[in-house]
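See below for protein-v9.cif, which holds mmCIF, C-alpha atoms.
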```cif
data_structure
#
loop_
_atom_site.label_atom_id
_atom_site.label_comp_id
_atom_site.auth_asym_id
_atom_site.auth_seq_id
_atom_site.Cartn_x
_atom_site.Cartn_y
_atom_site.Cartn_z
CA MET A 1 -134.27 -24.06 5.57
CA ALA A 2 -133.57 -22.16 2.44
CA HIS A 3 -135.60 -19.04 1.87
CA ASP A 4 -135.29 -19.15 -1.86
CA HIS A 5 -137.71 -22.00 -2.27
CA LYS A 6 -141.16 -22.10 -0.77
CA HIS A 7 -141.99 -24.88 1.63
CA GLY A 8 -145.12 -25.80 -0.26
CA ASP A 9 -143.26 -25.84 -3.51
CA PRO A 10 -140.62 -28.58 -3.36
CA LEU A 11 -138.85 -30.22 -6.22
CA PRO A 12 -141.20 -32.67 -7.95
CA GLU A 13 -138.74 -35.46 -7.16
CA THR A 14 -139.22 -34.85 -3.42
CA VAL A 15 -142.97 -35.37 -3.72
CA LEU A 16 -142.42 -38.50 -5.78
CA ARG A 17 -139.82 -39.85 -3.40
CA VAL A 18 -142.12 -39.41 -0.38
CA LYS A 19 -144.85 -41.26 -2.32
CA SER A 20 -142.48 -44.08 -3.22
CA LEU A 21 -141.27 -44.32 0.36
CA GLU A 22 -144.82 -44.44 1.72
CA SER A 23 -145.84 -47.18 -0.74
CA LEU A 24 -142.74 -49.22 0.06
CA LEU A 25 -143.11 -48.91 3.83
CA ILE A 26 -146.78 -49.92 3.61
CA GLU A 27 -145.92 -52.89 1.40
CA LYS A 28 -143.26 -53.99 3.89
CA GLY A 29 -145.69 -53.70 6.80
CA LEU A 30 -143.66 -50.98 8.55
CA VAL A 31 -146.53 -48.46 8.51
CA GLU A 32 -150.28 -48.48 7.82
CA ALA A 33 -151.99 -45.78 5.73
CA ASP A 34 -154.84 -45.27 8.24
CA ALA A 35 -152.36 -44.68 11.04
CA LEU A 36 -150.60 -42.04 8.92
CA ASP A 37 -153.93 -40.26 8.44
CA ALA A 38 -154.63 -40.43 12.18
CA LEU A 39 -151.19 -39.01 13.03
CA ILE A 40 -151.70 -36.10 10.64
CA ASP A 41 -155.16 -35.42 12.05
CA ARG A 42 -153.83 -35.49 15.62
CA TYR A 43 -151.16 -32.86 15.02
CA GLU A 44 -153.08 -30.78 12.51
CA ASN A 45 -156.33 -30.58 14.46
CA LYS A 46 -156.02 -31.79 18.05
CA VAL A 47 -152.61 -31.07 19.53
CA GLY A 48 -151.47 -27.45 19.24
CA PRO A 49 -150.67 -24.25 21.12
CA LYS A 50 -154.25 -24.01 22.40
CA ASN A 51 -153.24 -26.76 24.82
CA GLY A 52 -150.38 -24.71 26.20
CA ALA A 53 -152.56 -21.60 26.40
CA LYS A 54 -155.02 -23.47 28.64
CA VAL A 55 -152.16 -24.51 30.91
CA VAL A 56 -150.80 -20.96 31.15
CA ALA A 57 -154.24 -19.42 31.81
CA ARG A 58 -154.82 -21.96 34.61
CA ALA A 59 -151.42 -21.08 36.10
CA TRP A 60 -152.42 -17.39 36.07
CA VAL A 61 -155.61 -17.93 38.06
CA ASP A 62 -154.90 -20.96 40.25
CA GLN A 63 -151.95 -20.68 42.63
CA ASP A 64 -152.02 -24.40 43.57
CA PHE A 65 -151.88 -25.40 39.93
CA ARG A 66 -149.10 -22.88 39.33
CA ASP A 67 -147.07 -24.48 42.13
CA ARG A 68 -147.64 -27.95 40.67
CA LEU A 69 -146.68 -26.71 37.19
CA PHE A 70 -143.36 -25.29 38.34
CA SER A 71 -142.55 -28.31 40.48
CA ASP A 72 -143.46 -31.00 37.89
CA ALA A 73 -144.80 -29.72 34.59
CA THR A 74 -145.21 -33.20 33.07
CA MET A 75 -147.61 -34.19 35.87
CA ALA A 76 -149.36 -30.81 35.90
CA VAL A 77 -150.19 -30.74 32.17
CA ALA A 78 -151.36 -34.36 32.39
CA GLU A 79 -154.26 -32.99 34.48
CA PHE A 80 -155.52 -31.57 31.14
CA GLY A 81 -154.84 -34.87 29.36
CA PHE A 82 -151.74 -33.47 27.63
CA SER A 83 -148.82 -35.90 27.59
CA GLY A 84 -146.47 -38.03 25.53
CA ALA A 85 -144.18 -37.77 22.55
CA GLN A 86 -141.75 -34.84 22.69
CA GLY A 87 -143.04 -33.81 26.11
CA GLU A 88 -142.05 -36.73 28.29
CA GLU A 89 -139.98 -34.52 30.59
CA LEU A 90 -141.59 -31.13 30.57
CA ILE A 91 -140.24 -28.15 32.49
CA ALA A 92 -142.11 -24.85 32.92
CA LEU A 93 -140.14 -21.60 32.98
CA GLU A 94 -141.58 -18.47 34.52
CA ASN A 95 -141.19 -15.11 32.80
CA THR A 96 -141.19 -12.13 35.16
CA ASP A 97 -139.97 -8.55 35.04
CA GLN A 98 -136.64 -9.82 36.38
CA VAL A 99 -136.13 -12.89 34.15
CA HIS A 100 -137.09 -13.55 30.54
CA ASN A 101 -136.79 -17.13 29.26
CA VAL A 102 -136.64 -18.11 25.59
CA VAL A 103 -136.35 -21.62 24.14
CA VAL A 104 -134.43 -23.04 21.16
CA CYS A 105 -133.01 -26.30 19.85
CA THR A 106 -129.73 -25.40 18.17
CA LEU A 107 -129.02 -28.99 17.07
CA CYS A 108 -132.35 -29.89 15.48
CA SER A 109 -135.95 -28.93 16.28
CA CYS A 110 -136.86 -30.17 19.79
CA TYR A 111 -140.13 -28.60 20.89
CA PRO A 112 -142.80 -29.48 23.51
CA TRP A 113 -145.38 -31.14 21.24
CA PRO A 114 -148.08 -32.02 23.83
CA VAL A 115 -148.52 -28.36 24.79
CA LEU A 116 -147.46 -26.46 21.64
CA GLY A 117 -148.01 -28.93 18.79
CA LEU A 118 -145.47 -28.93 15.96
CA PRO A 119 -142.95 -26.08 15.70
CA PRO A 120 -143.28 -23.23 13.18
CA VAL A 121 -140.78 -23.11 10.33
CA TRP A 122 -138.86 -20.17 11.80
CA TYR A 123 -138.17 -22.12 15.02
CA LYS A 124 -136.56 -24.93 13.00
CA SER A 125 -134.72 -22.55 10.69
CA ALA A 126 -130.98 -21.91 10.60
CA PRO A 127 -131.22 -18.18 11.41
CA TYR A 128 -133.13 -18.71 14.68
CA ARG A 129 -131.05 -21.70 15.79
CA ALA A 130 -127.79 -19.89 15.00
CA ARG A 131 -128.62 -16.50 16.47
CA VAL A 132 -130.80 -16.79 19.55
CA VAL A 133 -128.03 -18.28 21.73
CA ARG A 134 -125.58 -15.53 20.76
CA GLU A 135 -127.76 -12.44 20.47
CA PRO A 136 -131.11 -13.21 22.14
CA ARG A 137 -131.96 -9.57 22.82
CA LYS A 138 -131.60 -8.67 19.17
CA VAL A 139 -133.70 -11.65 18.11
CA LEU A 140 -136.39 -10.73 20.64
CA GLU A 141 -136.37 -7.14 19.35
CA GLU A 142 -137.11 -8.49 15.88
CA PHE A 143 -140.17 -10.23 17.34
CA GLY A 144 -141.21 -6.90 18.84
CA THR A 145 -140.08 -7.80 22.34
CA SER A 146 -137.91 -5.13 23.83
CA LEU A 147 -136.37 -5.92 27.21
CA PRO A 148 -134.82 -3.49 29.68
CA GLU A 149 -131.17 -4.09 30.56
CA SER A 150 -132.25 -4.95 34.09
CA THR A 151 -134.10 -8.06 32.88
CA GLU A 152 -131.93 -11.19 32.83
CA VAL A 153 -132.27 -13.19 29.61
CA ARG A 154 -132.09 -16.98 29.89
CA VAL A 155 -131.88 -18.97 26.68
CA TRP A 156 -132.69 -22.69 27.02
CA ASP A 157 -131.09 -24.94 24.40
CA SER A 158 -133.11 -28.18 24.23
CA THR A 159 -130.19 -30.56 23.69
CA ALA A 160 -131.76 -33.50 25.60
CA GLU A 161 -135.26 -34.98 26.02
CA THR A 162 -136.24 -32.27 28.48
CA ARG A 163 -138.74 -29.90 26.87
CA TYR A 164 -139.35 -26.34 27.96
CA LEU A 165 -142.61 -24.39 28.17
CA VAL A 166 -142.38 -20.68 28.88
CA VAL A 167 -145.14 -19.29 31.09
CA PRO A 168 -145.42 -15.65 30.07
CA LYS A 169 -146.25 -12.98 32.61
CA ARG A 170 -149.96 -12.27 33.03
CA PRO A 171 -150.59 -9.00 31.22
CA GLU A 172 -151.69 -5.84 32.95
CA GLY A 173 -155.38 -5.09 32.66
CA SER A 174 -156.38 -8.77 32.58
CA GLU A 175 -157.56 -8.85 36.21
CA ASP A 176 -161.26 -9.15 35.31
CA LEU A 177 -160.90 -11.85 32.66
CA ASP A 178 -161.83 -15.47 33.30
CA GLU A 179 -159.62 -18.42 32.46
CA GLU A 180 -161.10 -18.94 29.02
CA ALA A 181 -160.65 -15.29 28.04
CA LEU A 182 -157.13 -15.30 29.46
CA ALA A 183 -156.16 -18.29 27.31
CA LEU A 184 -156.89 -16.19 24.21
CA LEU A 185 -154.07 -13.84 25.25
CA VAL A 186 -151.50 -16.65 25.29
CA SER A 187 -149.90 -16.98 21.87
CA ARG A 188 -147.63 -19.79 20.73
CA ASP A 189 -144.78 -17.31 20.46
CA SER A 190 -145.23 -16.18 24.06
CA MET A 191 -144.81 -19.82 25.18
CA ILE A 192 -141.57 -20.14 23.17
CA GLY A 193 -140.53 -16.89 24.82
CA VAL A 194 -140.01 -14.65 21.80
CA LYS A 195 -143.06 -12.55 22.67
CA ARG A 196 -145.03 -11.47 25.69
CA ALA A 197 -148.63 -12.46 26.28
CA GLU A 198 -151.06 -10.18 24.44
CA SER A 199 -152.52 -7.30 26.36
CA PRO A 200 -156.35 -7.45 26.67
CA ALA A 201 -156.63 -3.99 25.15
CA LYS A 202 -155.27 -5.29 21.86
CA GLY A 203 -157.41 -8.43 22.02
CA GLY A 204 -156.68 -11.48 19.89
CA LYS A 205 -153.26 -13.01 19.62
CA ALA A 206 -150.34 -12.45 17.31
CA MET B 1 -120.10 -35.00 14.76
CA ASP B 2 -119.08 -31.47 13.86
CA SER B 3 -121.42 -30.73 10.99
CA ILE B 4 -123.77 -28.01 9.85
CA HIS B 5 -126.71 -29.08 12.06
CA ASP B 6 -124.74 -27.78 15.07
CA MET B 7 -125.33 -24.13 14.26
CA GLY B 8 -125.55 -22.33 17.61
CA GLY B 9 -123.70 -19.01 17.32
CA MET B 10 -123.02 -19.08 13.57
CA HIS B 11 -123.17 -15.94 11.43
CA GLY B 12 -124.53 -15.44 7.95
CA MET B 13 -127.76 -17.48 8.12
CA GLY B 14 -129.89 -14.48 7.17
CA PRO B 15 -132.95 -12.98 8.83
CA ILE B 16 -135.52 -14.90 10.86
CA VAL B 17 -138.65 -15.03 8.74
CA ALA B 18 -141.83 -15.70 10.71
CA GLU B 19 -144.91 -16.49 8.64
CA GLU B 20 -148.23 -14.96 9.70
CA ALA B 21 -150.99 -17.50 10.47
CA GLU B 22 -148.69 -20.32 9.50
CA PRO B 23 -150.40 -23.66 8.75
CA VAL B 24 -149.16 -26.79 10.58
CA PHE B 25 -148.09 -28.26 7.24
CA HIS B 26 -147.37 -26.50 3.96
CA ALA B 27 -148.13 -29.36 1.58
CA GLU B 28 -149.56 -32.86 1.47
CA TRP B 29 -146.10 -34.45 1.13
CA GLU B 30 -144.99 -32.77 4.36
CA LYS B 31 -147.92 -34.36 6.18
CA ARG B 32 -147.06 -37.79 4.82
CA MET B 33 -143.38 -37.36 5.70
CA PHE B 34 -144.20 -36.28 9.25
CA ALA B 35 -146.55 -39.23 9.71
CA LEU B 36 -144.18 -41.82 8.18
CA ASN B 37 -141.38 -40.81 10.49
CA ASN B 38 -143.60 -41.04 13.57
CA ALA B 39 -145.55 -44.16 12.64
CA ILE B 40 -142.41 -46.16 12.00
CA THR B 41 -141.23 -45.60 15.57
CA ALA B 42 -143.79 -48.20 16.68
CA VAL B 43 -142.07 -51.11 14.89
CA GLY B 44 -138.87 -50.58 16.89
CA VAL B 45 -136.31 -50.66 14.08
CA ARG B 46 -134.53 -47.43 14.97
CA ASN B 47 -134.32 -45.20 18.02
CA LEU B 48 -134.54 -41.43 18.38
CA ASP B 49 -130.79 -40.86 18.46
CA GLU B 50 -130.17 -43.04 15.40
CA SER B 51 -132.84 -41.01 13.68
CA ARG B 52 -131.20 -37.69 14.61
CA HIS B 53 -127.76 -38.96 13.66
CA ALA B 54 -129.07 -40.01 10.25
CA ARG B 55 -130.37 -36.48 9.63
CA GLU B 56 -127.17 -34.75 10.70
CA ARG B 57 -125.17 -36.88 8.26
CA MET B 58 -126.94 -35.30 5.30
CA ASN B 59 -124.45 -33.54 3.04
CA PRO B 60 -123.98 -30.10 4.69
CA ALA B 61 -124.58 -28.14 1.49
CA LYS B 62 -127.79 -30.10 0.92
CA TYR B 63 -128.83 -29.71 4.56
CA LEU B 64 -128.70 -25.93 4.28
CA SER B 65 -130.62 -25.83 1.02
CA SER B 66 -133.31 -28.30 2.11
CA SER B 67 -136.59 -27.63 3.85
CA TYR B 68 -137.24 -29.30 7.19
CA TYR B 69 -139.22 -32.28 5.93
CA GLU B 70 -136.75 -32.81 3.07
CA ILE B 71 -134.16 -33.39 5.81
CA TRP B 72 -136.53 -35.87 7.45
CA LEU B 73 -136.97 -37.67 4.11
CA ASP B 74 -133.23 -37.96 3.59
CA GLY B 75 -132.70 -39.14 7.18
CA LEU B 76 -135.43 -41.77 7.18
CA ILE B 77 -134.27 -43.31 3.90
CA ARG B 78 -130.68 -43.22 5.14
CA ILE B 79 -131.34 -45.04 8.43
CA LEU B 80 -133.70 -47.64 6.93
CA SER B 81 -131.21 -48.34 4.13
CA GLU B 82 -128.34 -48.71 6.59
CA LYS B 83 -130.40 -51.19 8.57
CA ASP B 84 -131.02 -53.07 5.32
CA LEU B 85 -134.79 -52.67 5.62
CA ILE B 86 -135.20 -50.85 2.30
CA SER B 87 -133.03 -50.23 -0.76
CA GLU B 88 -132.79 -47.61 -3.51
CA GLU B 89 -133.66 -50.36 -6.00
CA GLU B 90 -136.90 -51.09 -4.17
CA LEU B 91 -137.70 -47.37 -3.90
CA SER B 92 -137.23 -46.81 -7.61
CA GLY B 93 -139.25 -49.90 -8.43
CA ALA B 94 -136.28 -51.57 -10.17
CA VAL B 95 -136.76 -54.64 -7.98
CA ALA B 96 -139.76 -56.02 -6.11
CA SER B 97 -140.19 -55.24 -2.42
CA ARG B 98 -138.37 -57.78 -0.26
CA PRO B 99 -140.21 -59.01 2.85
CA ILE B 100 -138.71 -58.11 6.22
CA SER B 101 -139.53 -58.81 9.85
CA THR B 102 -139.72 -56.22 12.62
CA PRO B 103 -139.53 -56.43 16.43
CA ARG B 104 -143.07 -55.03 16.84
CA PRO B 105 -146.17 -54.69 14.63
CA ALA B 106 -146.98 -51.52 12.70
CA MET B 107 -148.90 -48.69 14.40
CA LYS B 108 -152.68 -49.03 13.98
CA ALA B 109 -154.89 -45.97 13.46
CA GLU B 110 -156.85 -46.75 16.63
CA ASP B 111 -153.61 -46.84 18.67
CA VAL B 112 -152.20 -43.52 17.46
CA ASP B 113 -153.50 -41.40 20.35
CA VAL B 114 -152.58 -43.98 22.99
CA LEU B 115 -149.04 -44.41 21.66
CA MET B 116 -148.41 -40.70 21.10
CA ASP B 117 -149.90 -39.82 24.52
CA LYS B 118 -147.49 -42.32 26.04
CA GLY B 119 -144.37 -41.17 24.20
CA GLY B 120 -140.92 -42.61 24.84
CA ASN B 121 -138.86 -43.19 27.93
CA TYR B 122 -135.32 -41.86 28.08
CA LEU B 123 -134.80 -42.32 31.81
CA ALA B 124 -132.79 -45.23 33.17
CA GLU B 125 -132.84 -47.03 36.52
CA ASP B 126 -129.18 -47.96 36.58
CA GLY B 127 -126.14 -46.21 35.26
CA LYS B 128 -122.97 -44.39 36.12
CA PRO B 129 -123.00 -42.53 39.43
CA ALA B 130 -123.16 -38.74 39.17
CA ARG B 131 -119.75 -37.10 39.20
CA PHE B 132 -121.15 -33.63 39.83
CA ASN B 133 -123.50 -31.85 42.22
CA ILE B 134 -125.84 -28.93 41.86
CA GLY B 135 -123.77 -25.75 42.30
CA ASP B 136 -120.56 -27.24 40.91
CA THR B 137 -118.63 -25.22 38.36
CA VAL B 138 -117.80 -27.53 35.46
CA LYS B 139 -116.19 -27.26 32.06
CA ALA B 140 -117.71 -28.68 28.90
CA ARG B 141 -115.00 -30.92 27.47
CA ASN B 142 -113.21 -29.99 24.28
CA ILE B 143 -114.08 -33.16 22.39
CA HIS B 144 -115.01 -33.76 18.77
CA PRO B 145 -116.66 -37.18 18.47
CA ALA B 146 -117.09 -38.31 14.87
CA GLY B 147 -120.37 -40.04 15.81
CA HIS B 148 -123.56 -38.62 17.27
CA THR B 149 -123.32 -36.13 20.11
CA ARG B 150 -125.60 -33.59 21.76
CA LEU B 151 -122.73 -31.47 23.04
CA PRO B 152 -122.96 -28.29 20.94
CA ARG B 153 -119.70 -26.83 19.70
CA TYR B 154 -120.42 -23.38 21.15
CA VAL B 155 -120.13 -24.62 24.75
CA ARG B 156 -117.05 -26.83 24.37
CA GLY B 157 -114.12 -25.66 26.48
CA HIS B 158 -116.33 -23.26 28.42
CA LYS B 159 -117.19 -23.13 32.10
CA GLY B 160 -120.71 -23.24 33.50
CA VAL B 161 -122.55 -24.05 36.70
CA ILE B 162 -124.77 -27.08 37.29
CA ILE B 163 -128.19 -25.83 38.31
CA GLN B 164 -130.18 -29.07 38.06
CA ASP B 165 -129.58 -32.83 38.02
CA TYR B 166 -132.27 -34.47 35.85
CA GLY B 167 -131.19 -37.97 36.86
CA LEU B 168 -130.04 -40.99 34.85
CA HIS B 169 -130.73 -40.73 31.14
CA VAL B 170 -129.85 -42.79 28.11
CA PHE B 171 -126.68 -41.31 26.59
CA PRO B 172 -127.27 -40.19 22.98
CA ASP B 173 -123.63 -40.63 21.95
CA ALA B 174 -124.00 -44.32 22.85
CA ASN B 175 -127.67 -44.79 21.93
CA ALA B 176 -127.08 -43.71 18.32
CA HIS B 177 -124.49 -46.48 18.03
CA GLY B 178 -126.11 -49.52 19.63
CA ARG B 179 -125.36 -48.97 23.33
CA SER B 180 -127.18 -47.01 26.03
CA ASP B 181 -124.56 -46.15 28.72
CA PRO B 182 -127.04 -44.33 31.02
CA GLN B 183 -125.63 -41.41 32.99
CA HIS B 184 -126.74 -38.23 34.71
CA LEU B 185 -128.11 -35.36 32.70
CA TYR B 186 -127.64 -31.86 34.08
CA SER B 187 -128.86 -28.39 33.28
CA VAL B 188 -125.71 -26.32 32.96
CA LYS B 189 -125.87 -22.53 33.05
CA PHE B 190 -123.27 -20.65 30.98
CA ALA B 191 -122.76 -16.91 31.18
CA SER B 192 -123.24 -15.22 27.83
CA THR B 193 -119.87 -13.47 28.25
CA GLU B 194 -118.16 -16.84 28.97
CA LEU B 195 -119.40 -18.24 25.65
CA TRP B 196 -119.15 -15.18 23.42
CA GLY B 197 -116.59 -13.03 25.19
CA SER B 198 -116.98 -9.69 26.89
CA GLU B 199 -117.32 -7.87 23.57
CA ASP B 200 -120.06 -9.99 21.99
CA GLY B 201 -121.72 -11.50 25.04
CA THR B 202 -124.10 -9.66 27.36
CA ASP B 203 -123.38 -9.25 31.06
CA GLY B 204 -126.07 -10.87 33.17
CA ASP B 205 -127.54 -13.03 30.37
CA TYR B 206 -127.27 -16.83 30.46
CA ILE B 207 -127.55 -19.84 28.18
CA HIS B 208 -128.80 -23.07 29.76
CA VAL B 209 -127.78 -26.29 28.06
CA ASP B 210 -128.71 -29.87 29.03
CA LEU B 211 -125.49 -31.86 29.18
CA TRP B 212 -124.63 -35.45 30.11
CA ASP B 213 -122.01 -36.40 32.71
CA ASP B 214 -119.45 -37.56 30.08
CA TYR B 215 -119.53 -34.12 28.42
CA LEU B 216 -118.23 -32.43 31.55
CA GLU B 217 -115.05 -32.17 33.57
CA ALA B 218 -114.32 -30.70 36.98
CA THR B 219 -112.62 -27.32 37.02
CA GLY B 220 -111.37 -27.36 40.59
CA ASP B 221 -113.07 -23.99 41.08
CA ALA B 222 -114.92 -23.46 44.34
CA ALA B 223 -118.66 -23.70 43.97
#
```
Is it possible to express this structure as structure tokens?
Amino acid sequence: MAHDHKHGDPLPETVLRVKSLESLLIEKGLVEADALDALIDRYENKVGPKNGAKVVARAWVDQDFRDRLFSDATMAVAEFGFSGAQGEELIALENTDQVHNVVVCTLCSCYPWPVLGLPPVWYKSAPYRARVVREPRKVLEEFGTSLPESTEVRVWDSTAETRYLVVPKRPEGSEDLDEEALALLVSRDSMIGVKRAESPAKGGKA
Amino acid sequence: MDSIHDMGGMHGMGPIVAEEAEPVFHAEWEKRMFALNNAITAVGVRNLDESRHARERMNPAKYLSSSYYEIWLDGLIRILSEKDLISEEELSGAVASRPISTPRPAMKAEDVDVLMDKGGNYLAEDGKPARFNIGDTVKARNIHPAGHTRLPRYVRGHKGVIIQDYGLHVFPDANAHGRSDPQHLYSVKFASTELWGSEDGTDGDYIHVDLWDDYLEATGDAA
């Protein structure tokens, strides 16, 4: 959490302690080295925000899917093969001009893994967890998201095993894009709710 | 427990620093730590709430000066030591590793996707009947359990409205301490001005918090 030491630059004793712990747990038969490699590969290369972007793009183009997503998100994302740990009870939240949803876990780091992968450092950090429930509009401003007073802000604190996925509003000017192109406009941050979906004019995602 | 992990609403934590094109992990040891903590779930020696409670018992000063996976390291060693599955002497190599038995076998590489795609189950078939209905105005109780709780300090003593009943769920306050005590979990909507006052809150903004039946009390207010 501290900003005065880099995350890739821990105390040497931390690195050593993780190594000792891994060796001991392997020796005791509590974990297997190959399974550790497979877990890392899964969350580094297979499960990430591209999953969520596919879900959002589908919801933008397919009204039936959209209805299924907002009635039972766990079942709806399973249609893509996305399921499991830290997404057992998934709930989709719709951002509109009237309502803007943003998600946090003030107590730890709860995050919808099957659709977004592992959370970024800022999401797990003390400043975000402390501030977004008290001054969400200010926090959103810092992410470049300015909301009119007429928009209701809803902050969702993930205190239980329910996990929240924000479905950002489909951007203007995206009418001619197909599902695949639309998915490129859906950033991780827009599915946490700190940003909007990218506009097609700007291309790419932030 | 009222410790530093429960930080909703606090001041002085500094700016939010978002890294551009952030990698999933920042170092090899973070990858190993992430994987250890997830792989060990398969053997069934500790549950999710015990795991969270172990992390929140880290010394508060250390918690604030540690990176995320350093907190995981501290928590995993803490819970495994408390369950007498590992010791500091074994970790340091001062004594040889002592054999242990576990309820289930270790996670195999070929089972990783199946197990992670399956996830856990926190729902329960039987439990306490719901005391509240959707639309009820409730008050989060002013309680300060010394053990694990998922009732954040910033909502205690405040009124909100139940907008959803998620059904019977394992109760973390019990599950972290060897019981399960299933009860209803609700989504409770608090007005920003109710939590932070009319000066610091924002009219028309809301904070939704998932709260268990035991965290709430009736207010007698009309729905």
*asked:* (-138.4, -23.1, 31.2) in this file's frame - what residues fall within 6 Å of it? Use only C-alpha atoms and give the answer as an MDAnalysis selection string.
replied: chainID A and resid 91:93 164:166
*Kindly resolve the PyMOL selection byres ((chain B and resi 75-86) around 9) on the present coordinates and return the residues as a ChimeraX atom specification.*
/A:21,24-25,28 /B:36-37,45-46,50-58,70-74,87-91,97-101
Which residues, named as in the file, does the PyMOL selection byres ((chain A and resi 59-74) around 9) pick out? Answer as a short mmCIF file (atom, residue, chain, number, x, y, z; two decimals) with C-alpha atoms, in the coordinates of the input.
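File written: selection-v7.cif
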```
data_model
loop_
_atom_site.label_atom_id
_atom_site.label_comp_id
_atom_site.auth_asym_id
_atom_site.auth_seq_id
_atom_site.Cartn_x
_atom_site.Cartn_y
_atom_site.Cartn_z
CA LYS A 54 -155.02 -23.47 28.64
CA VAL A 55 -152.16 -24.51 30.91
CA VAL A 56 -150.80 -20.96 31.15
CA ALA A 57 -154.24 -19.42 31.81
CA ARG A 58 -154.82 -21.96 34.61
CA MET A 75 -147.61 -34.19 35.87
CA ALA A 76 -149.36 -30.81 35.90
CA VAL A 77 -150.19 -30.74 32.17
CA ALA A 78 -151.36 -34.36 32.39
CA PHE A 82 -151.74 -33.47 27.63
CA SER A 83 -148.82 -35.90 27.59
CA GLY A 87 -143.04 -33.81 26.11
CA GLU A 88 -142.05 -36.73 28.29
CA GLU A 89 -139.98 -34.52 30.59
CA LEU A 90 -141.59 -31.13 30.57
CA ILE A 91 -140.24 -28.15 32.49
CA ALA A 92 -142.11 -24.85 32.92
CA LEU A 93 -140.14 -21.60 32.98
CA GLU A 94 -141.58 -18.47 34.52
CA LEU A 165 -142.61 -24.39 28.17
CA VAL A 167 -145.14 -19.29 31.09
CA LYS A 169 -146.25 -12.98 32.61
CA ARG A 170 -149.96 -12.27 33.03
CA ASP A 178 -161.83 -15.47 33.30
CA GLU A 179 -159.62 -18.42 32.46
CA LEU A 182 -157.13 -15.30 29.46
#
```
*asked:* Once the PyMOL selection byres ((chain A and resi 127-136) around 6) is applied to the coordinates I shared, what remains selected? I want it as a list of chain:residue names.
replied: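 For this structure, the PyMOL selection byres ((chain A and resi 127-136) around 6) resolves to A:Thr106, A:Ser125, A:Ala126, A:Arg137, A:Lys138, A:Val139, B:Met7, B:Gly8, B:Gly9, B:Met10, B:Met13, B:Gly14, B:Ile16.
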*Could you give me, as number ranges by chain, the residues within 12 Å of Cys110 in chain A, counting all atoms listed in the file and dropping anything in the same chain fewer than 3 positions from it?*
A: 85-88, 90, 103-107, 113, 116-120, 123-124, 129, 156-165, 192; B: 48, 52, 150
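Put simply, CA of Asn101 in chain A is 23.7 Å away from CA of Phe80 in chain A.
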_Nearest-residue call for Asp221 in chain B, choices B:Leu168, B:Val138, B:Val188, B:Ile143, using all atoms listed in the file_ = B:Val138
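We find CA of Lys108 in chain B and CA of Asn47 in chain B to be spaced 19.2 Å apart.
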*Within 7 Å of (-128.9, -17.5, 27.0), in the coordinates the file gives, what residues turn up when you count all atoms listed in the file, written out as number ranges by chain?*
A: 133, 136, 153-156; B: 192, 205-208
*So how many Å separate CA of Asp117 in chain B and CA of Leu151 in chain B, to one decimal?*
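Separation between CA of Asp117 in chain B and CA of Leu151 in chain B: 28.5 Å.
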